[in-house]
Amino acid sequence: MTSENKSPLKFSNVVKEAIYIGTYPTRKIEDVLEYIKAHTKIAGTNPKWDSRAISVFLTLLIISISVYIYAKQQSIPKEAALMIFIFVFACLLWITEAIPLFATSLLIIGLQVLLLANPGNWSNLGFENPENQQDFKHYFQPLAEPVIYLFLGGFILAQACVKRGVDQTLATWMLRYFGATPVQLIIGIMGFTALFSMWMSNTATTAMMLTLLGPILSQMSDEKKFQKALILAVPFAANIGGMGTPIGSPPNAIALGFLQNKGLNIGFTDWMIIAIPICIVLLAITAFLLIAIFPPKNNKLSISIQPADLDPKKVFVMSIFTITVLLWMTEKIHGLPTSVVALLPVVVFSVTGLIKKNDINSLEWNVLILIAGGIALGRGMSDTGLDRMVLEFLPDDRNILLISLMVATLALSTVISNTAAANLLIPIGISAAFAFGQTDVVFAKELAFSIALSASLAMALPVSTPPNALAYASGMLKSQDFIKLGAIIGIIGLFTVYLLSFFLFPILS
């Protein structure tokens with residue numbers, strides 16, 4: 001979205017609207033949000049902190065303060081009202097992207113330290129009952145949660161593979177055997193893209209596979225329609241493959257982090273036992289739809305792919321990768337937590353010099369901070385009792401609750417970051433699950449898992465995920481290409497996730 005053709009943002013008008021909403025909360029807040037988004041660029045395309053960005057930020061702050069004032073008027077406990085302010089402010093910032101997503105996460109932690117822990121012992125802050133108040137260190141802990149180190153280990157593994165060319169070597173070797181027919185080529189590209197995205201960033205996997213796809217497309221100049229199918233196959237397979245492991249995408253890590261805060265856990269292998277069948281079903285359906293919507297002219301192909309060389313450093317990286325994955329999958333045998341195993345590649349690659357300082361600096365630290373912010377948000381809601389208050393507005397039926405949260409996650413993730421959507425909805429889902437009974441851990445796991453995967457199913461727009469945006473940037477696709485395929489996959493995906501998690505979680509537990 002650009003703002004060159006929009007009229008200037010009138011800060012005073014938006015402030016009036018914000019105050020009006022704070023006074024009359026039945027008024028829909030979407031009106032103001034749409035006005036703001038229509039007159040400003042999101043942070044991803046306009047990182048400059050100018051007067052317009054400041055106006056938007058202050059407007060969202062005033063809206064949040066207005067909601068806080070209304071909450072206090074309803075005799076809501078002080079700590080819960082403060083957490084409502086933090087939650088609403090975070091929601092508005094994540095939805096509008098008025099500031100970078102990771103900055104919102106840092107703001108959440110900072111506000112919780114200041115307002116809830118109240119280290120300055122100010123009378124208007126903190127808890128009404130000081131005995132329930134947590135020390136400020138409590139709100140720093142999300143930055144060091146085990147799931148953060150699990151994801152860090154995944155990042156280091158991916159970084160080492162990319163730096164040494166292990167990913168390209170494996171991809172070129174594999175694709176050599178899948179170029180005889182259009183169906184084989186689609187299956188090969190989607191299968192290997194999904195496989196890599198289970199262990200690497202979906203965005204990095206998409207960038208790599210689109211690069212490898214270039215020479216293949218150049219040998220298929222007469223297959224214009226089928227070229228679209230091949231390009232679309234990469235981001236859709238990356239999004240689907242990211243569901244397959246706990247480190248496959250940030251929403252997965254967020255689900256694990258929230259569960260761990262409740263004393264629960266989904267094992268690495270358990271996650272894969274449920275998620276891999278879902279991935280296989282969705283990959284097969286996507287491949288079928290791609291062939292049906294963008295049919296090839298010829299049933300035979302003649303594709304030449306030059307395999308990459310294998311050197312000792314690549315073998316070493318592949319060995320550490322294999323050992324790490326095997327240790328993750330056999331946690332129940334050796335007893336080492338997955339987050340502890342994740343330190344293996346971090347330490348080994350750093351000590352041996354395979355990973356340098358610049359490599360560490362280039363890691364996606366913003367993603368780790370974003371995950372920590374979501375965990376902090378859920379922790380604050382639990383500490384203040386806000387999560388239990390939210391339950392009053394949720395349906396009592398388990399199936400309706402699960403389906404409602406899955407649909408809401410899919411819809412929200414289509415237009416905003418799926419990580420932000422997971423941060424907002426997973427804590428609500430887990431709290432709702434515990435409302436059915438403190439011993440109902442199976443439903444809590446099922447809810448967290450289903451919401452996380454629903455976030456990854458949002459593929460209906462070019463802006464829905466970074467992999468989609470990369471494919472769209474090729475210039476060979478239109479928005480309609482994403483919509484007609486992404487909408488179908490999203491709906492089928494919700495049904496598949498619901499059905500398999502419903503039957504498999506009770507068995508595994």
# chains A, B, ... in the order shown; residues from 1 in each chain; ligands from 1
$ residues_around --residues "Asn399 of chain A" --least-positions-apart "6" --cutoff "10 Å" --atoms "only C-alpha atoms" --output "PyMOL selection string"
chain A and resi 405+498+502
$ atom_distance --atom1 "atom CA of Leu152 of chain A" --atom2 "atom CA of Ala238 of chain A"
19.4 Å
$ select_by_dssp --residues "segment 356-423 of chain A" --states "helix (DSSP H, G or I)" --output "PyMOL selection string"
chain A and resi 357-361+365-384+386-393+398-415+418-423
$ residues_around --residues "Pro395 of chain A" --least-positions-apart "5" --cutoff "10 Å" --atoms "only C-alpha atoms" --output "mmCIF file with N, CA and C atoms, in the first residue's frame"
data_model
loop_
_atom_site.group_PDB
_atom_site.id
_atom_site.type_symbol
_atom_site.label_atom_id
_atom_site.label_comp_id
_atom_site.auth_asym_id
_atom_site.auth_seq_id
_atom_site.Cartn_x
_atom_site.Cartn_y
_atom_site.Cartn_z
ATOM 1 N N ILE A 400 -16.975 -26.205 18.336
ATOM 2 C CA ILE A 400 -17.261 -24.864 17.815
ATOM 3 C C ILE A 400 -16.115 -23.919 18.155
ATOM 4 N N LEU A 401 -15.595 -24.033 19.379
ATOM 5 C CA LEU A 401 -14.470 -23.192 19.792
ATOM 6 C C LEU A 401 -13.253 -23.438 18.907
ATOM 7 N N LEU A 402 -12.912 -24.706 18.700
ATOM 8 C CA LEU A 402 -11.736 -25.043 17.905
ATOM 9 C C LEU A 402 -11.881 -24.549 16.469
ATOM 10 N N SER A 404 -13.868 -22.211 15.322
ATOM 11 C CA SER A 404 -13.924 -20.743 15.291
ATOM 12 C C SER A 404 -12.527 -20.137 15.349
ATOM 13 N N ALA A 432 -8.710 -21.155 26.929
ATOM 14 C CA ALA A 432 -10.050 -21.711 26.765
ATOM 15 C C ALA A 432 -10.045 -23.218 26.991
#
$ residues_around --residues "Lys297 of chain A" --least-positions-apart "2" --cutoff "9 Å" --atoms "only C-alpha atoms" --output "ChimeraX atom specification"
/A:222-223,225-226,295,299
$ residues_around --residues "Lys137 of chain A" --least-positions-apart "6" --cutoff "12 Å" --atoms "only C-alpha atoms" --output "list in words"
Ile109, Gly110, Gln112, Val113, Leu114, Leu116, Ala117, Asn118, Pro119, Leu143, Ala144 and Ala376 of chain A
$ closest_residue --among "A:Leu60, A:Met198, A:Ile69, A:Leu82" --to "Gly380 of chain A" --atoms "only C-alpha atoms"
A:Leu82
$ closest_atom_pairs --of "segment 62-156 of chain A" --to "segment 244-255 of chain A" --cutoff "7 Å" --atoms "only C-alpha atoms" --output "CSV"
residue,atom,partner,partner_atom,distance
A:Val147,CA,A:Ala253,CA,6.2
A:Phe151,CA,A:Ile247,CA,5.7
A:Gly154,CA,A:Ile247,CA,6.3
$ write_last_selection --atoms "N, CA and C atoms" --output "tab-separated table (two decimals), in the first residue's frame"
chain	number	residue	atom	x	y	z
A	147	VAL	N	12.06	-22.73	23.80
A	147	VAL	CA	11.67	-22.75	22.39
A	147	VAL	C	12.48	-21.73	21.58
A	151	PHE	N	14.55	-22.81	18.19
A	151	PHE	CA	14.50	-22.10	16.90
A	151	PHE	C	15.87	-21.59	16.51
A	154	GLY	N	17.73	-24.28	14.91
A	154	GLY	CA	17.25	-24.45	13.54
A	154	GLY	C	17.82	-23.41	12.60
$ residues_around --residues "segment 386-390 of chain A" --least-positions-apart "3" --cutoff "10 Å" --atoms "only C-alpha atoms" --output "list in words"
Ile76, Pro77, Glu79, Ala80, Ala81, Leu82, Met83, Ile84, Phe87, Gly378, Arg379, Gly380, Met381, Ser382, Asp383, Phe393, Leu394, Pro427, Ile428, Gly429, Ile430, Ser431, Ala432, Phe434 and Ala435 of chain A
$ closest_atom_pairs --of "segment 158-219 of chain A" --to "segment 468-492 of chain A" --cutoff "12 Å" --atoms "only C-alpha atoms" --output "Markdown table"
| residue | atom | partner | partner_atom | distance |
| --- | --- | --- | --- | --- |
| A:Asn202 | CA | A:Asn468 | CA | 10.1 |
| A:Thr203 | CA | A:Leu470 | CA | 7.9 |
| A:Ala204 | CA | A:Leu470 | CA | 10.0 |
| A:Thr205 | CA | A:Leu470 | CA | 10.8 |
| A:Thr206 | CA | A:Leu470 | CA | 7.4 |
| A:Ala207 | CA | A:Leu470 | CA | 7.1 |
| A:Met208 | CA | A:Leu470 | CA | 10.7 |
| A:Met209 | CA | A:Ala471 | CA | 10.3 |
| A:Leu210 | CA | A:Ala471 | CA | 7.6 |
| A:Thr211 | CA | A:Ser474 | CA | 10.6 |
| A:Leu213 | CA | A:Ala471 | CA | 11.2 |
| A:Gly214 | CA | A:Ser474 | CA | 10.3 |
| A:Leu217 | CA | A:Met476 | CA | 11.4 |
$ closest_residue --among "A:Phe258, A:Phe294, A:Phe449, A:Phe155" --to "Ala342 of chain A" --atoms "only C-alpha atoms"
A:Phe155
$ atom_distance --atom1 "atom CA of Leu412 of chain A" --atom2 "atom CA of Val88 of chain A"
15.5 Å
$ atom_distance --atom1 "atom CA of Val234 of chain A" --atom2 "atom CA of Asn358 of chain A"
28.4 Å
$ residues_around --residues "Met406 of chain A" --least-positions-apart "5" --cutoff "9 Å" --atoms "only C-alpha atoms" --output "list of chain:residue names"
A:Leu401, A:Ala411, A:Leu447, A:Ser450, A:Ile451, A:Ala452, A:Leu453, A:Ser454, A:Ala455, A:Leu494, A:Tyr498
$ closest_residue --among "A:Gln219, A:Thr193, A:Ser464, A:Asn298" --to "Met174 of chain A" --atoms "only C-alpha atoms"
A:Thr193
